[in-house]
Amino acid sequence: MSYINPYKFWDKLNKCSDYSVVTANGMASVTAHQALRVKKGQRLITNAGLGHMGSGLPLAIGACIASKKPIVCATGDGSIMFNIHELQTIVHHKLPIKIFIFNNGGYWSIRNTHRNYFGEPFACDKDTGVSLPDFKKIAKAFGIKYEQNVKKAIDYKGAVICELMIDPDQKLLPSWTAGQYRKL
């Protein structure tokens with residue numbers, strides 16, 4: 001499988017889009033804060049610091065309705081599951097939301113915290129009891145275009161789900177990883 005580095009995703013997005021960005025939590029949020037370059041007129045809406053899962057789609061819907069402009073929604077494969085029913089809201093209202101799912105095989109942030117504090121992960125991925133659906137089939141079921149190309153997703157006029165396959169062991173900049181603060 002070919003993985004995309006999340007920092008390369010943000011670099012590509014920085015070059016091809018000036019849409020406002022909504023992030024959920026975990027890797028989608030952390031990497032956005034590290035690599036997104038917010039341009040004049042662009043906004044970053046996030047739940048950073050709160051850590052609750054599932055806020056990406058509802059935040060993106062509100063931002064899209066309020067701004068009347070396309071919105072980028074960066075969310076994790078686990079996080080989107082908390083409010084996946086909101087895909088129907090996007091379809092019903094014909095909202096041009098570009099949903100980028102960071103598919104890293106489960107709850108990356110939880111897996112990372114478990115490894116750093118407890119030695120091994122539990123209840124956070126396929127190997128430890130949590131599985132996720134085929135997002136291409138989910139997109140088809142809701143009648144949303146599915147894509148794996150960032151530029152094509154941004155250029156598409158309507159709602160789109162762009163799945164980003166990310167290495168489950170993807171490392172982030174050290175100051176943002178769990179366990180670093182134990183040394184303080």
# chains A, B, ... in the order shown; residues from 1 in each chain; ligands from 1

call {"tool": "residues_around", "arguments": {"residues": "A:Tyr156", "least_positions_apart": "2", "cutoff": "10 Å", "atoms": "only C-alpha atoms", "output": "JSON, numbers by chain"}}
result
{"A": [96, 97, 98, 145, 147, 151, 152, 153, 154, 158, 159, 160]}

call {"tool": "select_by_dssp", "arguments": {"residues": "stretch 54-179 of chain A", "states": "alpha helix (DSSP H)", "output": "count of residues only"}}
result
44

call {"tool": "closest_residue", "arguments": {"among": "A:Asp155, A:Glu86, A:Asp77, A:Asp169", "to": "A:Phe135", "atoms": "only C-alpha atoms"}}
result
A:Asp77

call {"tool": "closest_residue", "arguments": {"among": "A:Pro121, A:Gly129, A:Gly26, A:Gly143", "to": "A:Asn103", "atoms": "only C-alpha atoms"}}
result
A:Gly26

call {"tool": "closest_residue", "arguments": {"among": "A:Ile80, A:Ala123, A:Ala32, A:Ile161", "to": "A:Ile144", "atoms": "only C-alpha atoms"}}
result
A:Ile161

call {"tool": "residues_around", "arguments": {"residues": "A:Ile65", "least_positions_apart": "3", "cutoff": "12 Å", "atoms": "only C-alpha atoms", "output": "PyMOL selection string"}}
result
chain A and resi 58-62+68-71+89-90+93-97
